[in-house]
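Q: structure_27.cif is reproduced in full below (mmCIF, C-alpha atoms (C1' of nucleotides)).
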```cif
data_input
loop_
_atom_site.group_PDB
_atom_site.id
_atom_site.type_symbol
_atom_site.label_atom_id
_atom_site.label_comp_id
_atom_site.auth_asym_id
_atom_site.auth_seq_id
_atom_site.Cartn_x
_atom_site.Cartn_y
_atom_site.Cartn_z
ATOM 1 C CA MET A 1 25.035 -24.656 -4.404
ATOM 2 C CA ARG A 2 26.548 -22.327 -1.782
ATOM 3 C CA ILE A 3 24.359 -19.547 -0.353
ATOM 4 C CA ALA A 4 25.601 -16.880 2.062
ATOM 5 C CA THR A 5 24.249 -14.035 4.199
ATOM 6 C CA TRP A 6 26.258 -11.048 5.436
ATOM 7 C CA ASN A 7 25.225 -7.819 7.104
ATOM 8 C CA VAL A 8 27.919 -5.584 5.586
ATOM 9 C CA ASN A 9 26.986 -2.354 7.447
ATOM 10 C CA SER A 10 27.321 -0.040 4.402
ATOM 11 C CA ILE A 11 28.141 -1.595 1.009
ATOM 12 C CA ARG A 12 30.120 1.455 -0.107
ATOM 13 C CA THR A 13 32.416 1.346 2.922
ATOM 14 C CA ARG A 14 32.743 -2.461 2.750
ATOM 15 C CA MET A 15 32.970 -3.007 -1.044
ATOM 16 C CA ARG A 16 36.684 -3.930 -1.033
ATOM 17 C CA GLN A 17 36.101 -6.569 1.704
ATOM 18 C CA VAL A 18 32.990 -7.925 -0.022
ATOM 19 C CA LYS A 19 34.870 -8.291 -3.320
ATOM 20 C CA ASP A 20 37.807 -9.977 -1.565
ATOM 21 C CA TRP A 21 35.479 -12.410 0.208
ATOM 22 C CA LEU A 22 33.604 -13.204 -3.031
ATOM 23 C CA GLU A 23 36.929 -13.828 -4.772
ATOM 24 C CA GLU A 24 38.042 -16.208 -2.001
ATOM 25 C CA GLU A 25 34.772 -18.076 -1.497
ATOM 26 C CA LYS A 26 33.030 -17.831 -4.857
ATOM 27 C CA PRO A 27 29.549 -18.475 -3.432
ATOM 28 C CA ASP A 28 26.668 -18.994 -5.870
ATOM 29 C CA LEU A 29 24.687 -16.324 -4.047
ATOM 30 C CA LEU A 30 25.510 -13.672 -1.433
ATOM 31 C CA CYS A 31 22.610 -11.938 0.329
ATOM 32 C CA ILE A 32 23.603 -8.682 2.023
ATOM 33 C CA GLN A 33 21.906 -6.370 4.504
ATOM 34 C CA GLU A 34 22.399 -2.792 5.686
ATOM 35 C CA THR A 35 23.615 -1.560 2.322
ATOM 36 C CA LYS A 36 22.723 1.976 3.510
ATOM 37 C CA VAL A 37 22.489 3.365 0.004
ATOM 38 C CA ASP A 38 19.757 4.650 -2.315
ATOM 39 C CA ASP A 39 19.265 2.538 -5.452
ATOM 40 C CA PRO A 40 20.732 5.070 -7.931
ATOM 41 C CA LEU A 41 23.976 5.114 -5.897
ATOM 42 C CA PHE A 42 24.307 1.328 -5.434
ATOM 43 C CA PRO A 43 27.779 0.283 -6.696
ATOM 44 C CA GLU A 44 26.325 -2.164 -9.212
ATOM 45 C CA LYS A 45 29.057 -2.018 -11.859
ATOM 46 C CA GLU A 46 31.799 -3.062 -9.448
ATOM 47 C CA LEU A 47 29.969 -6.389 -9.019
ATOM 48 C CA THR A 48 28.618 -6.982 -12.530
ATOM 49 C CA GLU A 49 32.121 -6.510 -13.976
ATOM 50 C CA ASP A 50 33.160 -9.510 -11.869
ATOM 51 C CA GLY A 51 30.431 -11.622 -13.458
ATOM 52 C CA TYR A 52 27.706 -11.219 -10.816
ATOM 53 C CA GLU A 53 24.073 -10.456 -11.366
ATOM 54 C CA VAL A 54 22.800 -7.986 -8.786
ATOM 55 C CA CYS A 55 19.461 -6.717 -7.537
ATOM 56 C CA PHE A 56 18.945 -4.280 -4.698
ATOM 57 C CA HIS A 57 16.341 -2.471 -2.648
ATOM 58 C CA GLY A 58 17.856 0.362 -0.664
ATOM 59 C CA GLN A 59 17.457 3.706 1.052
ATOM 60 C CA LYS A 60 19.724 6.461 2.285
ATOM 61 C CA ALA A 61 21.637 5.920 5.568
ATOM 62 C CA TYR A 62 19.567 3.024 6.963
ATOM 63 C CA ASN A 63 18.545 -0.540 6.054
ATOM 64 C CA GLY A 64 18.819 -1.740 2.436
ATOM 65 C CA VAL A 65 19.208 -5.288 1.072
ATOM 66 C CA ALA A 66 20.711 -6.821 -2.079
ATOM 67 C CA LEU A 67 21.357 -10.122 -3.852
ATOM 68 C CA ILE A 68 24.691 -10.820 -5.565
ATOM 69 C CA SER A 69 24.453 -13.938 -7.722
ATOM 70 C CA ARG A 70 26.430 -16.115 -10.147
ATOM 71 C CA HIS A 71 23.092 -17.425 -11.492
ATOM 72 C CA PRO A 72 20.180 -15.569 -13.083
ATOM 73 C CA LEU A 73 17.913 -13.748 -10.621
ATOM 74 C CA LYS A 74 14.340 -14.433 -11.646
ATOM 75 C CA ASP A 75 11.044 -12.995 -10.394
ATOM 76 C CA VAL A 76 12.666 -10.424 -8.089
ATOM 77 C CA ARG A 77 10.313 -9.151 -5.385
ATOM 78 C CA LEU A 78 10.755 -6.167 -3.097
ATOM 79 C CA GLY A 79 9.349 -5.883 0.408
ATOM 80 C CA LEU A 80 6.777 -8.103 2.112
ATOM 81 C CA THR A 81 4.142 -7.211 -0.489
ATOM 82 C CA GLY A 82 3.304 -9.264 -3.535
ATOM 83 C CA GLU A 83 1.923 -12.230 -1.620
ATOM 84 C CA LEU A 84 -1.392 -10.818 -0.523
ATOM 85 C CA PRO A 85 -3.331 -8.385 -2.732
ATOM 86 C CA ASN A 86 -3.937 -4.893 -1.327
ATOM 87 C CA ASP A 87 -1.839 -5.625 1.725
ATOM 88 C CA GLU A 88 -1.899 -2.250 3.439
ATOM 89 C CA GLN A 89 0.210 -3.327 6.374
ATOM 90 C CA ALA A 90 2.932 -4.736 4.123
ATOM 91 C CA GLU A 91 2.804 -1.556 2.047
ATOM 92 C CA GLN A 92 3.211 0.589 5.151
ATOM 93 C CA LEU A 93 6.024 -1.532 6.600
ATOM 94 C CA GLY A 94 7.709 -1.454 3.179
ATOM 95 C CA VAL A 95 8.768 2.172 3.652
ATOM 96 C CA GLN A 96 11.855 0.715 5.339
ATOM 97 C CA LYS A 97 13.768 -1.348 2.765
ATOM 98 C CA ARG A 98 14.331 -4.667 4.522
ATOM 99 C CA VAL A 99 13.306 -7.472 2.154
ATOM 100 C CA ILE A 100 14.388 -8.651 -1.284
ATOM 101 C CA SER A 101 13.617 -12.000 -2.845
ATOM 102 C CA ALA A 102 14.258 -13.869 -6.094
ATOM 103 C CA LEU A 103 14.197 -17.303 -7.681
ATOM 104 C CA VAL A 104 17.748 -18.616 -7.975
ATOM 105 C CA ASN A 105 18.266 -22.122 -9.414
ATOM 106 C CA ASP A 106 14.547 -22.677 -8.720
ATOM 107 C CA ILE A 107 14.992 -21.843 -5.028
ATOM 108 C CA ARG A 108 12.870 -18.988 -3.661
ATOM 109 C CA VAL A 109 15.461 -17.018 -1.692
ATOM 110 C CA VAL A 110 14.130 -14.416 0.756
ATOM 111 C CA ASN A 111 16.746 -12.033 2.156
ATOM 112 C CA LEU A 112 15.725 -10.197 5.366
ATOM 113 C CA TYR A 113 16.976 -7.389 7.529
ATOM 114 C CA VAL A 114 14.711 -7.749 10.564
ATOM 115 C CA PRO A 115 14.258 -4.520 12.596
ATOM 116 C CA ASN A 116 16.583 -4.258 15.592
ATOM 117 C CA GLY A 117 13.892 -2.989 17.953
ATOM 118 C CA SER A 118 16.163 -0.775 20.086
ATOM 119 C CA ALA A 119 14.818 -1.635 23.578
ATOM 120 C CA VAL A 120 12.019 -3.934 24.765
ATOM 121 C CA GLY A 121 8.773 -1.949 24.978
ATOM 122 C CA SER A 122 9.979 0.975 22.834
ATOM 123 C CA GLU A 123 8.200 2.219 19.697
ATOM 124 C CA LYS A 124 10.877 0.532 17.601
ATOM 125 C CA TYR A 125 10.245 -2.730 19.473
ATOM 126 C CA LYS A 126 6.517 -2.533 18.702
ATOM 127 C CA TYR A 127 7.444 -1.985 15.063
ATOM 128 C CA LYS A 128 9.669 -5.085 15.168
ATOM 129 C CA ILE A 129 6.791 -7.221 16.490
ATOM 130 C CA GLN A 130 4.373 -5.856 13.869
ATOM 131 C CA TRP A 131 6.951 -6.504 11.189
ATOM 132 C CA LEU A 132 7.408 -10.127 12.342
ATOM 133 C CA LYS A 133 3.639 -10.643 12.282
ATOM 134 C CA CYS A 134 3.607 -9.392 8.704
ATOM 135 C CA LEU A 135 6.522 -11.733 7.893
ATOM 136 C CA ASN A 136 4.407 -14.585 9.239
ATOM 137 C CA ARG A 137 1.587 -13.793 6.813
ATOM 138 C CA TYR A 138 4.071 -13.447 3.977
ATOM 139 C CA LEU A 139 5.638 -16.855 4.728
ATOM 140 C CA ARG A 140 2.253 -18.561 5.117
ATOM 141 C CA ALA A 141 1.428 -17.434 1.565
ATOM 142 C CA GLN A 142 4.909 -18.237 0.271
ATOM 143 C CA LEU A 143 4.928 -21.782 1.662
ATOM 144 C CA LYS A 144 1.666 -22.508 -0.204
ATOM 145 C CA ARG A 145 3.486 -21.914 -3.486
ATOM 146 C CA ASP A 146 5.447 -25.156 -3.137
ATOM 147 C CA GLU A 147 8.683 -23.501 -4.221
ATOM 148 C CA PRO A 148 11.801 -24.739 -2.370
ATOM 149 C CA LEU A 149 12.394 -21.956 0.167
ATOM 150 C CA CYS A 150 15.555 -20.469 1.680
ATOM 151 C CA LEU A 151 14.941 -17.686 4.224
ATOM 152 C CA LEU A 152 18.060 -15.940 5.433
ATOM 153 C CA GLY A 153 19.520 -12.704 6.706
ATOM 154 C CA ASP A 154 20.100 -10.616 9.811
ATOM 155 C CA PHE A 155 17.239 -11.622 12.129
ATOM 156 C CA ASN A 156 18.297 -9.427 15.064
ATOM 157 C CA ILE A 157 17.000 -12.245 17.288
ATOM 158 C CA ALA A 158 18.892 -14.971 19.154
ATOM 159 C CA LEU A 159 16.306 -17.722 19.489
ATOM 160 C CA GLU A 160 17.976 -19.737 22.253
ATOM 161 C CA ALA A 161 20.283 -19.341 25.257
ATOM 162 C CA ARG A 162 23.104 -21.096 23.391
ATOM 163 C CA ASP A 163 22.998 -18.306 20.776
ATOM 164 C CA ILE A 164 24.162 -15.628 23.279
ATOM 165 C CA HIS A 165 27.490 -15.263 25.107
ATOM 166 C CA ASN A 166 25.779 -14.376 28.403
ATOM 167 C CA PRO A 167 22.208 -15.722 28.416
ATOM 168 C CA GLU A 168 21.768 -15.113 32.169
ATOM 169 C CA ARG A 169 22.257 -11.382 31.768
ATOM 170 C CA LEU A 170 20.860 -10.871 28.254
ATOM 171 C CA SER A 171 17.787 -13.125 28.071
ATOM 172 C CA GLY A 172 14.599 -11.088 28.092
ATOM 173 C CA GLY A 173 16.360 -8.021 26.662
ATOM 174 C CA ILE A 174 16.355 -6.819 23.095
ATOM 175 C CA MET A 175 17.115 -9.576 20.541
ATOM 176 C CA ALA A 176 16.348 -12.175 23.222
ATOM 177 C CA SER A 177 12.900 -11.307 24.588
ATOM 178 C CA LYS A 178 10.064 -13.841 24.677
ATOM 179 C CA GLU A 179 7.677 -11.831 22.514
ATOM 180 C CA GLU A 180 10.082 -11.395 19.590
ATOM 181 C CA ARG A 181 11.341 -14.989 19.850
ATOM 182 C CA ASP A 182 7.764 -16.285 19.813
ATOM 183 C CA ALA A 183 6.909 -14.038 16.854
ATOM 184 C CA LEU A 184 9.841 -15.410 14.853
ATOM 185 C CA GLU A 185 9.058 -19.033 15.807
ATOM 186 C CA ILE A 186 5.471 -18.529 14.668
ATOM 187 C CA ALA A 187 6.667 -17.068 11.352
ATOM 188 C CA LEU A 188 8.978 -20.068 10.845
ATOM 189 C CA GLY A 189 5.913 -22.184 11.500
ATOM 190 C CA GLY A 190 7.856 -25.374 12.282
ATOM 191 C CA ARG A 191 8.452 -25.684 8.540
ATOM 192 C CA LEU A 192 11.848 -23.989 8.278
ATOM 193 C CA GLN A 193 15.027 -25.360 9.871
ATOM 194 C CA ASP A 194 18.081 -23.346 10.946
ATOM 195 C CA VAL A 195 20.735 -25.110 8.843
ATOM 196 C CA PHE A 196 23.597 -24.076 11.182
ATOM 197 C CA ARG A 197 21.973 -25.965 14.061
ATOM 198 C CA THR A 198 21.567 -29.147 12.029
ATOM 199 C CA PHE A 199 25.392 -29.402 12.029
ATOM 200 C CA GLU A 200 26.501 -27.601 15.220
ATOM 201 C CA PRO A 201 24.601 -27.947 18.512
ATOM 202 C CA SER A 202 27.065 -26.150 20.815
ATOM 203 C CA THR A 203 27.244 -22.571 22.035
ATOM 204 C CA ASP A 204 30.163 -20.141 21.454
ATOM 205 C CA HIS A 205 29.405 -19.696 17.765
ATOM 206 C CA TRP A 206 28.603 -16.057 17.046
ATOM 207 C CA SER A 207 27.828 -14.086 13.885
ATOM 208 C CA TRP A 208 27.720 -10.586 15.405
ATOM 209 C CA TRP A 209 29.996 -8.775 17.853
ATOM 210 C CA ASP A 210 29.085 -5.245 18.982
ATOM 211 C CA TYR A 211 31.632 -2.589 18.004
ATOM 212 C CA ARG A 212 31.374 -1.323 21.568
ATOM 213 C CA SER A 213 32.918 -2.564 24.800
ATOM 214 C CA GLY A 214 35.635 -4.603 23.099
ATOM 215 C CA ALA A 215 33.107 -7.335 22.309
ATOM 216 C CA TRP A 216 35.235 -8.782 19.486
ATOM 217 C CA ASP A 217 38.462 -8.884 21.535
ATOM 218 C CA ARG A 218 36.604 -10.604 24.378
ATOM 219 C CA ASP A 219 34.621 -12.826 21.944
ATOM 220 C CA LYS A 220 31.323 -11.664 23.443
ATOM 221 C CA GLY A 221 28.973 -12.231 20.526
ATOM 222 C CA TRP A 222 25.515 -13.281 19.445
ATOM 223 C CA ARG A 223 24.306 -15.642 16.720
ATOM 224 C CA ILE A 224 21.633 -13.521 15.023
ATOM 225 C CA ASP A 225 22.392 -14.184 11.335
ATOM 226 C CA HIS A 226 20.600 -17.316 10.184
ATOM 227 C CA ILE A 227 19.895 -19.475 7.130
ATOM 228 C CA TYR A 228 16.589 -21.363 7.231
ATOM 229 C CA LEU A 229 15.717 -24.105 4.736
ATOM 230 C CA CYS A 230 12.445 -25.833 3.929
ATOM 231 C CA GLU A 231 12.156 -29.616 4.392
ATOM 232 C CA GLU A 232 12.999 -30.430 0.817
ATOM 233 C CA LEU A 233 16.226 -28.391 0.891
ATOM 234 C CA ILE A 234 17.393 -29.329 4.382
ATOM 235 C CA LYS A 235 17.580 -32.955 3.227
ATOM 236 C CA HIS A 236 20.317 -31.902 0.813
ATOM 237 C CA ALA A 237 22.240 -29.562 3.172
ATOM 238 C CA LYS A 238 25.944 -30.448 3.343
ATOM 239 C CA SER A 239 27.442 -27.828 5.676
ATOM 240 C CA CYS A 240 26.999 -24.450 7.338
ATOM 241 C CA ALA A 241 29.801 -22.199 8.567
ATOM 242 C CA ILE A 242 30.307 -18.750 10.085
ATOM 243 C CA HIS A 243 33.265 -16.923 8.518
ATOM 244 C CA LYS A 244 34.449 -15.364 11.755
ATOM 245 C CA LYS A 245 37.765 -14.308 10.206
ATOM 246 C CA THR A 246 36.233 -11.293 8.426
ATOM 247 C CA ARG A 247 35.312 -9.747 11.783
ATOM 248 C CA GLY A 248 39.074 -9.414 12.397
ATOM 249 C CA ASN A 249 39.587 -7.387 9.187
ATOM 250 C CA VAL A 250 40.751 -3.767 9.284
ATOM 251 C CA GLN A 251 37.543 -1.638 9.393
ATOM 252 C CA PRO A 252 35.258 -4.697 9.625
ATOM 253 C CA SER A 253 31.509 -5.029 9.540
ATOM 254 C CA ASP A 254 30.185 -5.918 12.994
ATOM 255 C CA HIS A 255 28.674 -9.092 11.421
ATOM 256 C CA ALA A 256 30.451 -12.095 9.887
ATOM 257 C CA PRO A 257 29.191 -13.974 6.794
ATOM 258 C CA VAL A 258 27.293 -17.248 7.245
ATOM 259 C CA ILE A 259 27.419 -19.725 4.352
ATOM 260 C CA ALA A 260 25.536 -22.958 3.692
ATOM 261 C CA GLU A 261 26.227 -25.628 1.098
ATOM 262 C CA ILE A 262 23.296 -27.526 -0.408
ATOM 263 C CA ASP A 263 23.463 -30.414 -2.856
ATOM 264 C CA TRP A 264 21.275 -28.568 -5.371
ATOM 265 C CA PRO A 265 19.983 -28.795 -8.062
ATOM 266 C CA TYR A 266 19.510 -32.345 -6.866
ATOM 267 C CA VAL A 267 19.035 -35.016 -9.530
ATOM 268 C CA GLU A 268 17.355 -38.187 -8.360
ATOM 269 C CA ARG A 269 19.320 -41.184 -9.608
ATOM 270 C CA GLU A 270 17.363 -43.909 -11.382
ATOM 271 C CA GLU A 271 17.800 -47.556 -10.493
ATOM 272 C CA GLY A 272 20.752 -48.914 -12.501
ATOM 273 C CA GLU A 273 21.877 -45.453 -13.645
ATOM 274 C CA ASP A 274 25.317 -45.982 -12.101
ATOM 275 C CA GLU A 275 25.912 -49.002 -14.327
ATOM 276 C CA ILE A 276 24.766 -47.189 -17.456
ATOM 277 C CA ASN A 277 26.711 -43.957 -16.820
ATOM 278 C CA ASN A 278 29.845 -45.434 -15.294
ATOM 279 C CA PRO A 279 31.807 -47.408 -17.893
ATOM 280 C CA PHE A 280 34.300 -48.387 -15.172
ATOM 281 C CA ASN A 281 31.519 -49.887 -13.054
ATOM 282 C CA TYR A 282 33.742 -51.329 -10.270
ATOM 283 C "C1'" DA B 283 25.854 -1.229 29.960
ATOM 284 C "C1'" DT B 284 27.975 0.945 26.379
ATOM 285 C "C1'" DG B 285 33.785 2.354 26.122
ATOM 286 C "C1'" DT B 286 32.340 2.170 18.554
ATOM 287 C "C1'" DC B 287 30.988 2.465 14.221
ATOM 288 C "C1'" DG B 288 28.644 4.608 9.660
ATOM 289 C "C1'" DA B 289 25.891 8.217 7.578
ATOM 290 C "C1'" DA B 290 23.873 12.761 7.272
ATOM 291 C "C1'" DA B 291 23.126 17.418 8.546
ATOM 292 C "C1'" DT B 292 23.368 20.761 12.112
ATOM 293 C "C1'" DC B 293 28.771 20.489 8.340
ATOM 294 C "C1'" DG B 294 33.946 19.345 11.485
ATOM 295 C "C1'" DT B 295 31.039 18.525 15.310
ATOM 296 C "C1'" DT B 296 26.763 16.683 16.589
ATOM 297 C "C1'" DT B 297 22.936 13.450 16.128
ATOM 298 C "C1'" DC B 298 20.777 9.097 15.246
ATOM 299 C "C1'" DG B 299 20.552 4.105 14.814
ATOM 300 C "C1'" DA B 300 22.618 -0.094 15.798
#
```
If you took the structure in this file and wrote it as structure tokens, what would it be?

A:
Amino acid sequence: MRIATWNVNSIRTRMRQVKDWLEEEKPDLLCIQETKVDDPLFPEKELTEDGYEVCFHGQKAYNGVALISRHPLKDVRLGLTGELPNDEQAEQLGVQKRVISALVNDIRVVNLYVPNGSAVGSEKYKYKIQWLKCLNRYLRAQLKRDEPLCLLGDFNIALEARDIHNPERLSGGIMASKEERDALEIALGGRLQDVFRTFEPSTDHWSWWDYRSGAWDRDKGWRIDHIYLCEELIKHAKSCAIHKKTRGNVQPSDHAPVIAEIDWPYVEREEGEDEINNPFNY
DNA sequence: ATGTCGAAATCGTTTCGA
């Protein structure tokens, strides 16, 4: 099973590129962020006519998330609510459409667009920290369910120095401050592994390049788009790649897709099954 | 550190968010 995340920065502006990428890669599931469109205006038909099942949770101009799937989307959930009853904080934070989740091939997939936070100490930064604390509570409840979990999306946080092109200058600033890094680590709770890092330990792998300051031309990027897997799934992870090429498209998103391959659904082989099922048994 | 984007309203130029 191949699962991808991509902040498309407006689905309506990027639809041609999304369709081209889907045609080339044929992932089982694509999770997108920053759709920037109200639900009634989501271009659903353009995807369903290509054989995808789609669910979305959007708003005008800002935020918005969606799932585009070759498999049935079951038990779709919107926002960080639904885990704890009468969760006022989750309800309040749910005004901004940043979370959509579903069961896909028995995997609980949670697609996130974490707040950017603007500048350390700002009102938006405080909101980001509150939001991450709420995510922590949501994941604590989710992990108790014993469903295989895949948490992915645009985290707007580079957790380590190797995830930033210039850690000396940028560490401590927005997307790299201690408080937001700690808040994300706590939410991950030592139970979720960044699948990209299980295959690639080195720096100079980015998923986002600012439109400004010629960041793409100078390859000055950040790795802020992640795919986290629970223990059970990480055992079956086969690869993880950043599709940097799309950032070089005409009128690109500022983010590139990240895609992971998992050997799933995984069927445990019985002792002697090879001999029974393989008539050539050599 | 901001030189660029995308969307919306204040409408063709400005404002906000990233």

Q: Using only C-alpha atoms (C1' of nucleotides), which protein or nucleic acid residues come within 8 Å of stretch 127-135 of chain A? Drop anything in the same chain fewer than 5 positions from it, and give the result as a CSV table (one decimal) with C-alpha atoms, keeping the file's coordinate frame.

A:
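What follows is the written file result-v3.csv:
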```csv
chain,number,residue,atom,x,y,z
A,80,LEU,CA,6.8,-8.1,2.1
A,89,GLN,CA,0.2,-3.3,6.4
A,90,ALA,CA,2.9,-4.7,4.1
A,93,LEU,CA,6.0,-1.5,6.6
A,114,VAL,CA,14.7,-7.7,10.6
A,115,PRO,CA,14.3,-4.5,12.6
A,116,ASN,CA,16.6,-4.3,15.6
A,117,GLY,CA,13.9,-3.0,18.0
A,179,GLU,CA,7.7,-11.8,22.5
A,180,GLU,CA,10.1,-11.4,19.6
A,183,ALA,CA,6.9,-14.0,16.9
A,184,LEU,CA,9.8,-15.4,14.9
A,187,ALA,CA,6.7,-17.1,11.4
```

Q: Report as a PDB file with C-alpha atoms, in the frame of the given file all protein, DNA and RNA residues lying within 8 Å of stretch 283-296 of chain B, evaluated on all atoms listed in the file, omitting residues in the same chain fewer than 5 positions from it.

A:
```pdb
ATOM      1  CA  ASN A   9      26.986  -2.354   7.447  1.00  0.00           C
ATOM      2  CA  SER A  10      27.321  -0.040   4.402  1.00  0.00           C
ATOM      3  CA  ALA A  61      21.637   5.920   5.568  1.00  0.00           C
ATOM      4  CA  TYR A 211      31.632  -2.589  18.004  1.00  0.00           C
ATOM      5  CA  ARG A 212      31.374  -1.323  21.568  1.00  0.00           C
ATOM      6  CA  SER A 213      32.918  -2.564  24.800  1.00  0.00           C
ATOM      7  CA  GLY A 214      35.635  -4.603  23.099  1.00  0.00           C
TER       8      GLY A 214
END
```

Q: Find the residues of chain A in contact range of chain B, meaning any atom within 12 Å when counting only C-alpha atoms (C1' of nucleotides), and list them as a ChimeraX atom specification.

A: /A:7-14,34-37,59-63,115-119,124,156,169-170,174-175,208-216,251-255

Q: Translate the PyMOL selection byres ((chain A and resi 6) around 8) into a concrete residue list for this structure, as a list in words.

A: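 Given this file, the PyMOL selection byres ((chain A and resi 6) around 8) evaluates to Ala4, Thr5, Asn7, Val8, Leu30, Cys31, Ile32, Gln33, Gly153, Asp154, Asp225, His255, Ala256, Pro257 and Val258 of chain A.
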
Q: Separation of atom CA of A:Ile3 and atom CA of A:Ile259, in Å?

A: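 Calculated distance between atom CA of A:Ile3 and atom CA of A:Ile259 is 5.6 Å.
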
Q: So that I can see what lies close to stretch 140-152 of chain A, please list as a PyMOL selection string the residues with an atom at most 7 Å from it, counting all atoms listed in the file and leaving out residues fewer than 2 positions away in the same chain.

A: chain A and resi 5+83+107-112+136-138+226-230+232-233

Q: Hey, can you check how far atom CA of A:Arg191 sits from atom CA of A:Ile234?

A: 10.5 Å

Q: Would you compute the distance between atom CA of A:Arg269 and atom CA of A:Met1? Give it in Å to one decimal.

A: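 Between atom CA of A:Arg269 and atom CA of A:Met1 the gap works out to 18.2 Å.
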
Q: Hey, could you pull the box centre and edge lengths for stretch 177-189 of chain A, axis-aligned, 3 Å padding per side, all listed atoms, to one decimal in Å, as AutoDock Vina command-line options?

A:
```
--center_x 9.2 --center_y -16.7 --center_z 17.8 --size_x 13.4 --size_y 16.9 --size_z 19.8
```

Q: Residues at most 10 Å from A:Trp222, counting only C-alpha atoms (C1' of nucleotides), excluding those fewer than 6 positions away in the same chain, as a ChimeraX atom specification?

A: /A:156-158,161-167,175-176,203-210,255

Q: Can you work out which one of A:Leu47, A:Ala237, A:Leu192, A:Val250 has the shortest atom-to-atom distance to A:Asp263, counting only C-alpha atoms?

A: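 With only C-alpha atoms as the atom set, the closest residue is A:Ala237.
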
Q: I'd like the residues picked by the PyMOL selection byres ((chain A and resi 103) around 8) written out as a ChimeraX atom specification, using the chain letters and numbers from the file.

A: /A:73-76,101-102,104-109

Q: Those same residues, written as a PDB file, in the coordinates of the input with C-alpha atoms?

A:
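Saved to selection38.pdb:
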```
ATOM      1  CA  LEU A  73      17.913 -13.748 -10.621  1.00  0.00           C
ATOM      2  CA  LYS A  74      14.340 -14.433 -11.646  1.00  0.00           C
ATOM      3  CA  ASP A  75      11.044 -12.995 -10.394  1.00  0.00           C
ATOM      4  CA  VAL A  76      12.666 -10.424  -8.089  1.00  0.00           C
ATOM      5  CA  SER A 101      13.617 -12.000  -2.845  1.00  0.00           C
ATOM      6  CA  ALA A 102      14.258 -13.869  -6.094  1.00  0.00           C
ATOM      7  CA  VAL A 104      17.748 -18.616  -7.975  1.00  0.00           C
ATOM      8  CA  ASN A 105      18.266 -22.122  -9.414  1.00  0.00           C
ATOM      9  CA  ASP A 106      14.547 -22.677  -8.720  1.00  0.00           C
ATOM     10  CA  ILE A 107      14.992 -21.843  -5.028  1.00  0.00           C
ATOM     11  CA  ARG A 108      12.870 -18.988  -3.661  1.00  0.00           C
ATOM     12  CA  VAL A 109      15.461 -17.018  -1.692  1.00  0.00           C
TER      13      VAL A 109
END
```
